[in-house]
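To keep things clear, I will list the structure first and then write my remarks on it.
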Amino acid sequence: MKATLGCGTVWLCAVLFTAGAATHSAGLSAPEQAALERISADSLRGNLSFLASDALEGRGTPSRGLDVAAEFIAAQFRKAGLEPIGKDGSYFQTAKLLRVTPNLEGFQLTLRDGGDELELPAGDIRVRSVAAVDFRDAAVVRLPEASEGGGVPAIRDKVVAGSMRRYGTEAALFKLQAERPALILLIGRSRERAEESWLEERDAANAPVIRVTSEAVADALGEHRELRVSVHVAAPRTEAVVARNVGGILRGADAALRDQYVLVTAHYDHLGLLPEGSPDRVYNGANDNGSGTVSVVEIAAALATLPVHPRRSVMFLALYGEEEGLLGAFYYTRHPVEPLRDTVADINLEQLGRTDEQSGAQVGSFSFTGPSYSNLPALMEDAAKQEGVKVYAKRGADAYFDRSDNYAFALAGVVAHTIVVAYEFPDYHAAGDEWQKIDYPNMAKVDCGVAAGVIGIANRAERPGWSDAKEAAVYRGARK
Ligand SMILES: [Zn+2]
């Protein structure tokens with residue numbers, strides 16, 4: 001299924017347009033076009049063969065392999081001459097995290113409805129709390145279902161209960177937590193395992209979340225009965241760990257616009273190691289998302305050679321913990337290096353290296369998640385076209401909008417999309433996602449198209465904006 005471009009090992013951007021640049025038929029200046037031509041398949045291959053090697057042990061969050069990857073990315077930013085994002089002069093943003101393992105010993109959860117009592121077995125619940133949870137006969141505030149309309153009632157310091165379907169998504173929980181309830185009960189099916197450990201920011205002040213799989217509770221809630229709850233959950237086991245986002249800034253050339261930022265992001269973590277005894281123990285994550293990571297590095301290095309930088313500043317950022325729930329991206333939005341209101345876009349790169357997309361091979365093209373949510377995709381499409389790169393519409397692309405790091409930025413109001421070549425590909429989240437299977441000439445071409453779009457967004461007088469699409473309302477409303 002791989003495509004051959006027939007251009008040898010070194011692929012040059014916009015072969016068709018190298019003459020065009022001189023005659024100004026392309027959108028970019030001659031020096032900008034020259035910078036893009038530094039994007040090289042060989043360089044991408046060299047970097048990815050290291051990041052996705054077995055030596056990095058699948059770059060789980062946190063792990064030694066992830067740390068080595070972070071050092072490598074920082075070294076590339078240093079080599080390119082980008083400004084470090086860290087106040088200490090380093091390229092790192094270090095997140096202090098806790099690895100939390102639930103302790104269900106002595107667990108108790110009793111719901112009372114008048115005289116009726118319902119005691120839930122530990123097997124029916126999943127707990128996320130960094131501390132012990134103790135409530136005695138507390139009133140439960142019922143959260144409305146979508147069909148009932150109306151907003152969420154005042155819930156500060158209250159115990160609240162709602163359906164997993166309506167309130168279990170990342171976005172819904174994010175909004176609920178902002179209202180500072182004392183405890184969140186979610187009723188419905190959960191994919192989590194009871195004793196599974198998870199990562200949380202050490203200084204996060206989130207309310208405990210208890211997911212309850214019980215028809216009886218769902219029924220009681222549906223019947224609007226007045227519920228009271230008693231809970232005891234023991235303190236979990238916790239371990240302090242750290243993980244790092246890695247970032248560098250290409251300072252903008254325009255005095256009026258250089259304090260605005262275009263983010264170019266990719267997650268550099270993956271799934272770590274398979275259990276002992278597996279024939280191949282390493283989740284190499286070459287396409288997911290070594291490909292996005294080396295593309296960020298490659299585009300950064302190319303744009304850093306520009307004699308005159310783009311008007312806005314461009315921040316190149318490699319994020320940890322995407323596979324654990326967009327952790328690095330959420331961390332950044334809670335601790336932004338530069339103000340979010342001055343962050344005009346996040347262009348997030350995922351799975352750019354393979355063309356064997358399930359719905360049909362994608363050669364010389366890429367796609368956006370949530371393409372109708374803002375005007376950024378159309379703006380970038382025009383720029384990419386000048387480099388001979390097409391933008392294709394992936395069927396159901398909206399459903400992928402919340403499946404990568406762009407989503408955390410969107411929830412913070414920043415116009416944010418993920419660019420993808422192959423959404424579903426053989427070896428997805430499997431040990432066989434190896435660097436030898438990447439189409440490097442095609443990735444170089446795609447990166448040229450993306451880089452042209454980044455330059456366009458960074459130079460454009462107006463910043464990109466959310467559209468009037470109904471689905472974009474929540475992000476529009478979150479704009480800083
Ligand atoms: Zn990914």
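Following the order of the structure tokens, chains are lettered A, B, ..., residues in each are numbered from 1, and ligands are numbered from 1.
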
For ligand 1, return the neighbouring residues as a list in words (distance at most 10 Å; only C-alpha atoms and all ligand atoms).
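These are the residues that qualify: Ala266, His267, Tyr268, Asp269, His270, Leu271, Gly285, Ala286, Asn287, Asp288, Asn289, Gly290, Ser291, Gly292, Gly321, Glu322, Glu323, Leu326, Leu349, Glu350, Gln351, Arg403, Ser404, Asp405, Val420, Tyr423, Tyr428 and His429 of chain A.
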
List as an MDAnalysis selection string the protein and nucleic acid residues near Arg211 (chain A), meaning an atom at most 9 Å away when only C-alpha atoms are counted, but skip any in the same chain fewer than 4 places from it.
chainID A and resid 124:128 164 168 184:190

Rank A:Glu462, A:Leu376, A:Gly222, A:Glu215 by their smallest atom-to-atom distance to Leu143 (chain A), using only C-alpha atoms, and report the top residue only.
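Closest candidate: A:Gly222.
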
When you draw a straight line from CA of Ala383 (chain A) to CA of Val450 (chain A), how long is it in Å?
8.1 Å

Closest of A:Val159, A:Val294, A:Val152, A:Ala95 to Trp435 (chain A), counting only C-alpha atoms, is A:Val294

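Nearest residue to Arg281 (chain A) among A:Gly449, A:Leu104, A:Ala154, A:Asp433 is A:Asp433, counting only C-alpha atoms.
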
Name the residues in contact with Thr61 (chain A) at a cut-off of 12 Å, using only C-alpha atoms, excluding same-chain residues fewer than 3 positions from it; report them as a VMD selection string.
chain A and resid 56 to 58 64 to 70 95 97 to 99 198 to 200 241 to 245 267 to 273 319 to 328

Region 209-324 of chain A residues near region 77-84 of chain A within 9 Å, closest pair each, using only C-alpha atoms, as JSON lines:
```
{"residue": "A:Val246", "atom": "CA", "partner": "A:Pro84", "partner_atom": "CA", "distance": 8.8}
{"residue": "A:Gly247", "atom": "CA", "partner": "A:Pro84", "partner_atom": "CA", "distance": 6.6}
{"residue": "A:Gly248", "atom": "CA", "partner": "A:Pro84", "partner_atom": "CA", "distance": 4.8}
{"residue": "A:Ile249", "atom": "CA", "partner": "A:Glu83", "partner_atom": "CA", "distance": 4.8}
{"residue": "A:Leu250", "atom": "CA", "partner": "A:Leu82", "partner_atom": "CA", "distance": 5.5}
{"residue": "A:Arg251", "atom": "CA", "partner": "A:Glu83", "partner_atom": "CA", "distance": 7.5}
{"residue": "A:Val297", "atom": "CA", "partner": "A:Phe77", "partner_atom": "CA", "distance": 7.0}
{"residue": "A:Ala300", "atom": "CA", "partner": "A:Ala80", "partner_atom": "CA", "distance": 7.3}
{"residue": "A:Ala301", "atom": "CA", "partner": "A:Ala80", "partner_atom": "CA", "distance": 5.1}
{"residue": "A:Ala302", "atom": "CA", "partner": "A:Ala80", "partner_atom": "CA", "distance": 8.3}
{"residue": "A:Ala304", "atom": "CA", "partner": "A:Ala80", "partner_atom": "CA", "distance": 6.1}
{"residue": "A:Thr305", "atom": "CA", "partner": "A:Ala80", "partner_atom": "CA", "distance": 8.0}
{"residue": "A:Met315", "atom": "CA", "partner": "A:Leu82", "partner_atom": "CA", "distance": 9.0}
{"residue": "A:Phe316", "atom": "CA", "partner": "A:Phe77", "partner_atom": "CA", "distance": 8.6}
```

Selected residue, from A:Ala378, A:Ala393, A:Val100, A:Val160, that lies nearest to Ser359 (chain A) when counting only C-alpha atoms:
A:Ala393

Residue contacts of Asp157 (chain A) (9 Å, only C-alpha atoms) excluding same-chain residues fewer than 3 positions away, as a list in words
Glu179, Arg180, Pro181, Ala182 and Leu183 of chain A

Please provide as number ranges by chain all residues within 7 Å of Ala472 (chain A), with the sequence filter that same-chain residues fewer than 5 positions apart are discarded (counting only C-alpha atoms).
A: 373, 466-467

Output C-alpha atoms for every residue in that selection, as an mmCIF file, in the first residue's frame.
```
data_model
loop_
_atom_site.group_PDB
_atom_site.id
_atom_site.type_symbol
_atom_site.label_atom_id
_atom_site.label_comp_id
_atom_site.auth_asym_id
_atom_site.auth_seq_id
_atom_site.Cartn_x
_atom_site.Cartn_y
_atom_site.Cartn_z
ATOM 1 C CA TYR A 373 -15.030 23.958 13.780
ATOM 2 C CA TRP A 466 -13.858 29.256 15.848
ATOM 3 C CA SER A 467 -16.730 28.871 13.394
#
```

Members of region 370-446 of chain A assigned helix (DSSP H, G or I) by DSSP, as a PyMOL selection string
chain A and resi 376-386+397-403+406-411+435-437+440-446

Pick the closest to Leu227 (chain A) from A:Glu170, A:Asp259, A:Asp116, A:Asp402: which is it, counting only C-alpha atoms?
A:Asp116

Would you compute the distance between CA of Ala329 (chain A) and CA of Ala408 (chain A)? Give it in Å to one decimal.
5.8 Å

Which residues of region 284-336 of chain A come within 12 Å of region 410-413 of chain A, and for each one, what is the closest pair of atoms and their distance in Å to one decimal, counting only C-alpha atoms, sorted by chain and residue number, as JSON lines?
```
{"residue": "A:Leu326", "atom": "CA", "partner": "A:Leu411", "partner_atom": "CA", "distance": 11.9}
{"residue": "A:Ala329", "atom": "CA", "partner": "A:Ala410", "partner_atom": "CA", "distance": 10.4}
{"residue": "A:Phe330", "atom": "CA", "partner": "A:Ala412", "partner_atom": "CA", "distance": 9.0}
{"residue": "A:Tyr331", "atom": "CA", "partner": "A:Ala412", "partner_atom": "CA", "distance": 11.4}
{"residue": "A:Tyr332", "atom": "CA", "partner": "A:Ala412", "partner_atom": "CA", "distance": 10.3}
{"residue": "A:Thr333", "atom": "CA", "partner": "A:Ala412", "partner_atom": "CA", "distance": 6.6}
{"residue": "A:Arg334", "atom": "CA", "partner": "A:Ala412", "partner_atom": "CA", "distance": 8.7}
{"residue": "A:His335", "atom": "CA", "partner": "A:Ala412", "partner_atom": "CA", "distance": 11.4}
{"residue": "A:Pro336", "atom": "CA", "partner": "A:Ala412", "partner_atom": "CA", "distance": 10.5}
```

Expected file: the selected residues, N, CA, C and O atoms, as a PDB file, in the first residue's frame:
```
ATOM      1  N   LEU A 326      -4.290  12.710  27.569  1.00  0.00           N
ATOM      2  CA  LEU A 326      -3.915  14.083  27.176  1.00  0.00           C
ATOM      3  C   LEU A 326      -3.285  14.838  28.349  1.00  0.00           C
ATOM      4  O   LEU A 326      -3.482  16.051  28.505  1.00  0.00           O
ATOM      5  N   ALA A 329      -0.872  17.913  27.677  1.00  0.00           N
ATOM      6  CA  ALA A 329      -1.593  19.040  27.084  1.00  0.00           C
ATOM      7  C   ALA A 329      -2.456  19.730  28.138  1.00  0.00           C
ATOM      8  O   ALA A 329      -2.474  20.959  28.239  1.00  0.00           O
ATOM      9  N   PHE A 330      -3.169  18.932  28.952  1.00  0.00           N
ATOM     10  CA  PHE A 330      -3.963  19.543  30.022  1.00  0.00           C
ATOM     11  C   PHE A 330      -3.055  20.285  31.002  1.00  0.00           C
ATOM     12  O   PHE A 330      -3.391  21.364  31.480  1.00  0.00           O
ATOM     13  N   TYR A 331      -1.900  19.688  31.286  1.00  0.00           N
ATOM     14  CA  TYR A 331      -0.975  20.348  32.209  1.00  0.00           C
ATOM     15  C   TYR A 331      -0.565  21.706  31.640  1.00  0.00           C
ATOM     16  O   TYR A 331      -0.561  22.714  32.343  1.00  0.00           O
ATOM     17  N   TYR A 332      -0.239  21.724  30.345  1.00  0.00           N
ATOM     18  CA  TYR A 332       0.174  22.992  29.734  1.00  0.00           C
ATOM     19  C   TYR A 332      -0.946  24.029  29.825  1.00  0.00           C
ATOM     20  O   TYR A 332      -0.703  25.193  30.145  1.00  0.00           O
ATOM     21  N   THR A 333      -2.186  23.616  29.557  1.00  0.00           N
ATOM     22  CA  THR A 333      -3.265  24.611  29.564  1.00  0.00           C
ATOM     23  C   THR A 333      -3.534  25.136  30.979  1.00  0.00           C
ATOM     24  O   THR A 333      -4.053  26.232  31.138  1.00  0.00           O
ATOM     25  N   ARG A 334      -3.185  24.345  31.990  1.00  0.00           N
ATOM     26  CA  ARG A 334      -3.342  24.833  33.368  1.00  0.00           C
ATOM     27  C   ARG A 334      -2.140  25.637  33.835  1.00  0.00           C
ATOM     28  O   ARG A 334      -2.225  26.385  34.806  1.00  0.00           O
ATOM     29  N   HIS A 335      -1.009  25.437  33.172  1.00  0.00           N
ATOM     30  CA  HIS A 335       0.227  26.144  33.523  1.00  0.00           C
ATOM     31  C   HIS A 335       0.854  26.684  32.241  1.00  0.00           C
ATOM     32  O   HIS A 335       1.981  26.301  31.890  1.00  0.00           O
ATOM     33  N   PRO A 336       0.146  27.556  31.520  1.00  0.00           N
ATOM     34  CA  PRO A 336       0.676  27.972  30.216  1.00  0.00           C
ATOM     35  C   PRO A 336       1.971  28.770  30.352  1.00  0.00           C
ATOM     36  O   PRO A 336       2.103  29.592  31.257  1.00  0.00           O
TER      37      PRO A 336
END
```

Residues at most 12 Å from Ile457 (chain A), counting only C-alpha atoms, excluding those fewer than 3 positions away in the same chain, as a PyMOL selection string?
chain A and resi 27-28+257+260-264+310-314+343-347+375-384+415+450-454+460-465

Check the DSSP output for the backbone and give back, as a list in words, the residues of region 261-354 of chain A in strand (DSSP E).
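Everything in region 261-354 of chain A that counts as strand (DSSP E) is Tyr261, Val262, Leu263, Val264, Thr265, Ala266, His267, Ser313, Val314, Met315, Phe316, Leu317, Ala318, Leu319, Thr343, Val344, Ala345, Asp346, Ile347, Asn348, Leu349 and Glu350 of chain A.
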
Calculated over only C-alpha atoms, which of the candidates A:Gly149, A:Gly277, A:Gly114, A:Gly162 has the smallest distance to Glu226 (chain A)?
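Using only C-alpha atoms, Glu226 (chain A) sits closest to A:Gly114.
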